[in-house]
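Just below is one structure, and these are the notes that go with it.
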Amino acid sequence: MNGRPWPVALVTGARKGIGRALAEHLLDRGYQVVGCSRLDADWKAEGFFHLRTDVADERQVKALFREIKRRYGRLDAAINNAAVTSMNHVLLTPAASVEKMMSANVVGTFLVSREAAKLMQRRGYGRIVNFSSLAVPMRLGGQSAYVASKASVESLSQVMARELAEYGITVNVIGPSPIETDMIRGLSKDKVNHLLDAMAVKRMGTFADVANVLDFFLRPESDAVTGQVIYLGGIPNL
């Protein structure tokens, strides 16, 4: 790194799926990566440090950032990937499911972003990337609470983008197309085909698709790109 400190990134939900793929991608790009999940990670890599953290628990999130500050003294990027979903018709959705999704998806994104911004503010530089879903522009049936939570993440991110711009911190959102993860495997084949048919790019998404957009958002040259939502797959934002 030409004598400069290695950049540090936090990836929530890094134990598996998109989170793990992005953590490994950032390691390959020269980052020191902190991962967190509600369970212990079952993988290790040089430059990767993992902590059990429930992102919806404020005390645990603050403890996570104290450890990041102690170990690295900085944070360059925060990737809010951790999420909870549940498929149910609105008439069959219990309040507990709604509360769980709002807590993990919205409160978790808020807490991690807030604490990340506090640490980034010290250096006048930072990149926060949050995750939405194609379910938002598609108004996907059977996922009313999940869609509400991810729509909230988008609005939250756009307001934070305005509030944090003066500190050199950008906040952007990625809405991946369907990728072979546990979340998608829970959908029926007909539902997945319906998703693909509605997209301009009629194929399953890949981790590389997401990493490509992430790289763009993380670039130092992307300092004027903030408050943006990029959906993959060419879905129209209805």
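By convention here, the chains of the structure tokens are called A, B, ... in the order presented, each chain's residues are numbered starting at 1, and ligands are numbered starting at 1 in the order presented.
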* DSSP-assigned alpha helix (DSSP H) among range 147-214 of chain A, expressed as number ranges by chain -> A: 147-164, 182-185, 189-197, 207-214
* Which parts of range 82-222 of chain A does DSSP call strand (DSSP E) when run on the backbone here, written out as number ranges by chain? -> A: 126-131, 169-175
Those selected residues, please, written with N, CA and C atoms and delivered as a PDB file, in the first residue's frame.
```
ATOM      1  N   GLY A 126     -15.286   8.608   4.384  1.00  0.00           N
ATOM      2  CA  GLY A 126     -15.922   7.324   4.658  1.00  0.00           C
ATOM      3  C   GLY A 126     -16.911   6.953   3.574  1.00  0.00           C
ATOM      4  N   ARG A 127     -17.163   5.665   3.475  1.00  0.00           N
ATOM      5  CA  ARG A 127     -18.124   5.131   2.523  1.00  0.00           C
ATOM      6  C   ARG A 127     -19.065   4.181   3.257  1.00  0.00           C
ATOM      7  N   ILE A 128     -20.353   4.485   3.220  1.00  0.00           N
ATOM      8  CA  ILE A 128     -21.366   3.607   3.799  1.00  0.00           C
ATOM      9  C   ILE A 128     -22.212   3.081   2.653  1.00  0.00           C
ATOM     10  N   VAL A 129     -22.332   1.762   2.567  1.00  0.00           N
ATOM     11  CA  VAL A 129     -23.136   1.136   1.510  1.00  0.00           C
ATOM     12  C   VAL A 129     -24.168   0.224   2.175  1.00  0.00           C
ATOM     13  N   ASN A 130     -25.424   0.520   1.935  1.00  0.00           N
ATOM     14  CA  ASN A 130     -26.522  -0.243   2.524  1.00  0.00           C
ATOM     15  C   ASN A 130     -27.197  -1.101   1.462  1.00  0.00           C
ATOM     16  N   PHE A 131     -27.984  -2.063   1.921  1.00  0.00           N
ATOM     17  CA  PHE A 131     -28.615  -2.988   0.980  1.00  0.00           C
ATOM     18  C   PHE A 131     -30.129  -2.888   1.022  1.00  0.00           C
ATOM     19  N   ILE A 169     -18.377  11.821   3.934  1.00  0.00           N
ATOM     20  CA  ILE A 169     -18.931  10.469   4.007  1.00  0.00           C
ATOM     21  C   ILE A 169     -20.063  10.337   2.999  1.00  0.00           C
ATOM     22  N   THR A 170     -19.991   9.335   2.147  1.00  0.00           N
ATOM     23  CA  THR A 170     -21.075   9.071   1.212  1.00  0.00           C
ATOM     24  C   THR A 170     -21.902   7.891   1.711  1.00  0.00           C
ATOM     25  N   VAL A 171     -23.184   7.893   1.344  1.00  0.00           N
ATOM     26  CA  VAL A 171     -24.108   6.821   1.728  1.00  0.00           C
ATOM     27  C   VAL A 171     -24.900   6.418   0.491  1.00  0.00           C
ATOM     28  N   ASN A 172     -24.750   5.171   0.074  1.00  0.00           N
ATOM     29  CA  ASN A 172     -25.432   4.685  -1.113  1.00  0.00           C
ATOM     30  C   ASN A 172     -26.044   3.317  -0.871  1.00  0.00           C
ATOM     31  N   VAL A 173     -26.866   2.874  -1.828  1.00  0.00           N
ATOM     32  CA  VAL A 173     -27.648   1.645  -1.642  1.00  0.00           C
ATOM     33  C   VAL A 173     -27.542   0.754  -2.874  1.00  0.00           C
ATOM     34  N   ILE A 174     -27.400  -0.546  -2.642  1.00  0.00           N
ATOM     35  CA  ILE A 174     -27.420  -1.542  -3.710  1.00  0.00           C
ATOM     36  C   ILE A 174     -28.665  -2.412  -3.531  1.00  0.00           C
ATOM     37  N   GLY A 175     -29.394  -2.621  -4.625  1.00  0.00           N
ATOM     38  CA  GLY A 175     -30.528  -3.547  -4.634  1.00  0.00           C
ATOM     39  C   GLY A 175     -30.192  -4.698  -5.565  1.00  0.00           C
TER      40      GLY A 175
END
```
So that I can see what lies close to range 82-88 of chain A, please list as a compact mmCIF listing (two decimals) with N, CA, C and O atoms, in the first residue's frame the residues with an atom at most 6 Å from it, counting only C-alpha atoms and leaving out residues fewer than 5 positions away in the same chain.
```
# COMPACT_ATOMS: atom_id res chain seq x y z
N THR A 12 -21.35 -6.36 7.64
CA THR A 12 -22.28 -7.04 8.55
C THR A 12 -22.91 -8.24 7.82
O THR A 12 -23.04 -8.25 6.59
N GLY A 13 -23.26 -9.24 8.59
CA GLY A 13 -23.79 -10.46 7.97
C GLY A 13 -22.73 -11.16 7.14
O GLY A 13 -23.02 -11.71 6.07
N THR A 93 -49.34 -12.38 8.38
CA THR A 93 -48.06 -11.94 8.94
C THR A 93 -48.22 -11.49 10.39
O THR A 93 -48.91 -10.51 10.67
N MET A 101 -38.08 -7.94 11.42
CA MET A 101 -37.51 -7.38 10.19
C MET A 101 -37.16 -5.91 10.34
O MET A 101 -36.11 -5.46 9.89
N ALA A 104 -33.93 -5.70 12.63
CA ALA A 104 -32.67 -6.09 11.99
C ALA A 104 -32.34 -5.20 10.79
O ALA A 104 -31.20 -4.73 10.64
N ASN A 105 -33.33 -4.97 9.94
CA ASN A 105 -33.07 -4.31 8.66
C ASN A 105 -32.97 -2.79 8.78
O ASN A 105 -32.11 -2.18 8.14
N GLY A 142 -46.50 -10.85 -0.93
CA GLY A 142 -46.04 -11.81 0.06
C GLY A 142 -44.88 -11.30 0.90
O GLY A 142 -44.39 -12.01 1.78
N GLN A 143 -44.43 -10.07 0.62
CA GLN A 143 -43.28 -9.54 1.38
C GLN A 143 -43.54 -8.10 1.81
O GLN A 143 -42.66 -7.25 1.78
N TYR A 146 -41.21 -6.92 4.67
CA TYR A 146 -39.83 -6.86 4.19
C TYR A 146 -39.64 -5.67 3.25
O TYR A 146 -38.67 -4.91 3.38
```
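The gap separating CA of Leu27 in chain A from CA of Gly168 in chain A is 23.5 Å, in Å to one decimal.
Within 10 Å of Arg139 in chain A, once only C-alpha atoms are used and residues closer than 5 positions along the same chain are dropped, the contacting residues are Leu134, Ser144, Val147, Ala148 and Leu238 of chain A.
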* Work out how far CA of Ala9 in chain A is from CA of Leu26 in chain A, in Å to one decimal. => 7.7 Å
* **Neighbour list for Thr109 in chain A as a PyMOL selection string, cut-off 8 Å, only C-alpha atoms, skip fewer than 2 positions in-chain** => chain A and resi 55+80+104-107+111-113+130+153
Export of prior selection with all heavy atoms as a CSV table (one decimal), in the first residue's frame:
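As a result, again.csv now contains:
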```
chain,number,residue,atom,x,y,z
A,55,VAL,N,-26.8,-6.7,15.1
A,55,VAL,CA,-26.8,-5.2,14.7
A,55,VAL,C,-28.0,-4.5,15.3
A,55,VAL,O,-27.9,-3.2,15.2
A,55,VAL,CB,-26.6,-5.1,13.2
A,55,VAL,CG1,-25.3,-5.7,12.7
A,55,VAL,CG2,-27.8,-5.7,12.5
A,80,ASN,N,-23.6,-2.5,5.1
A,80,ASN,CA,-24.7,-3.0,5.9
A,80,ASN,C,-25.5,-4.1,5.1
A,80,ASN,O,-26.4,-3.8,4.4
A,80,ASN,CB,-25.6,-1.9,6.3
A,80,ASN,CG,-25.1,-1.1,7.5
A,80,ASN,OD1,-24.9,-1.7,8.6
A,80,ASN,ND2,-24.8,0.2,7.3
A,104,ALA,N,-33.9,-5.7,12.6
A,104,ALA,CA,-32.7,-6.1,12.0
A,104,ALA,C,-32.3,-5.2,10.8
A,104,ALA,O,-31.2,-4.7,10.6
A,104,ALA,CB,-32.7,-7.5,11.6
A,105,ASN,N,-33.3,-5.0,9.9
A,105,ASN,CA,-33.1,-4.3,8.7
A,105,ASN,C,-33.0,-2.8,8.8
A,105,ASN,O,-32.1,-2.2,8.1
A,105,ASN,CB,-34.2,-4.7,7.7
A,105,ASN,CG,-34.3,-6.2,7.4
A,105,ASN,OD1,-33.4,-6.9,7.9
A,105,ASN,ND2,-35.3,-6.6,6.7
A,106,VAL,N,-33.8,-2.2,9.6
A,106,VAL,CA,-33.8,-0.7,9.7
A,106,VAL,C,-33.0,-0.2,10.9
A,106,VAL,O,-32.1,0.5,10.7
A,106,VAL,CB,-35.3,-0.2,9.8
A,106,VAL,CG1,-35.3,1.3,9.8
A,106,VAL,CG2,-36.1,-0.7,8.6
A,107,VAL,N,-33.4,-0.7,12.1
A,107,VAL,CA,-32.6,-0.3,13.2
A,107,VAL,C,-31.1,-0.7,13.1
A,107,VAL,O,-30.2,0.1,13.5
A,107,VAL,CB,-33.3,-0.9,14.5
A,107,VAL,CG1,-32.4,-0.5,15.8
A,107,VAL,CG2,-34.7,-0.4,14.7
A,111,LEU,N,-28.1,1.9,13.3
A,111,LEU,CA,-27.1,1.9,14.4
A,111,LEU,C,-25.7,1.7,13.8
A,111,LEU,O,-24.7,2.4,14.2
A,111,LEU,CB,-27.4,0.7,15.3
A,111,LEU,CG,-28.6,0.9,16.2
A,111,LEU,CD1,-28.8,-0.4,17.0
A,111,LEU,CD2,-28.5,2.1,17.2
A,112,VAL,N,-25.5,0.8,12.9
A,112,VAL,CA,-24.1,0.6,12.3
A,112,VAL,C,-23.7,1.8,11.5
A,112,VAL,O,-22.5,2.3,11.7
A,112,VAL,CB,-24.1,-0.7,11.4
A,112,VAL,CG1,-22.8,-0.7,10.6
A,112,VAL,CG2,-24.3,-1.9,12.2
A,113,SER,N,-24.6,2.4,10.8
A,113,SER,CA,-24.3,3.6,10.0
A,113,SER,C,-23.9,4.8,10.9
A,113,SER,O,-22.9,5.5,10.7
A,113,SER,CB,-25.4,4.0,9.1
A,113,SER,OG,-25.7,3.0,8.2
A,130,ASN,N,-25.4,0.5,1.9
A,130,ASN,CA,-26.5,-0.2,2.5
A,130,ASN,C,-27.2,-1.1,1.5
A,130,ASN,O,-27.0,-0.9,0.3
A,130,ASN,CB,-27.5,0.7,3.2
A,130,ASN,CG,-26.9,1.5,4.3
A,130,ASN,OD1,-26.0,1.0,5.0
A,130,ASN,ND2,-27.3,2.8,4.5
A,153,VAL,N,-34.9,1.6,4.6
A,153,VAL,CA,-33.5,1.7,4.4
A,153,VAL,C,-33.1,2.6,3.3
A,153,VAL,O,-32.1,3.4,3.5
A,153,VAL,CB,-32.9,0.3,4.1
A,153,VAL,CG1,-31.4,0.4,3.7
A,153,VAL,CG2,-33.0,-0.6,5.4
```
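Shortest atom-to-atom contact with Arg114 in chain A among A:Glu67, A:Glu46, A:Glu58, A:Asp209: A:Glu58, counting only C-alpha atoms.
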* To do: Tell me, as a PyMOL selection string, which residues lie within 10 Å of Met199 in chain A, counting only C-alpha atoms; anything in the same chain fewer than 5 positions away does not count.
  => chain A and resi 134+138+177+194+232-236
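If you measure from each of A:Phe110, A:Ser149, A:Asn81, A:Arg74 to Gly17 in chain A using only C-alpha atoms, the closest one turns out to be A:Asn81.
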* Asked: Mind pulling up the distance from CA of Leu10 in chain A to CA of Gly35 in chain A?
  -> 5.8 Å
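Distance annotation: of A:Gln32, A:Ala161, A:Leu119, A:Ala224, the residue with the minimal separation from Lys69 in chain A is A:Leu119; atom set is only C-alpha atoms.
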* To do: Give me the residues within 12 Å of Asp28 in chain A as a PyMOL selection string, counting only C-alpha atoms and dropping any in the same chain fewer than 3 places off.
  => chain A and resi 21-25+31-33+45-48+211+215
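When only C-alpha atoms are used to compute distances to Arg52 in chain A, the closest of the residues A:Ser103, A:Ser222, A:Ser37, A:Asn212 turns out to be A:Ser37.
Proximity of A:Asp54, A:Glu115, A:Glu166, A:Glu154 to Arg66 in chain A, computed with only C-alpha atoms, is greatest for A:Glu115.
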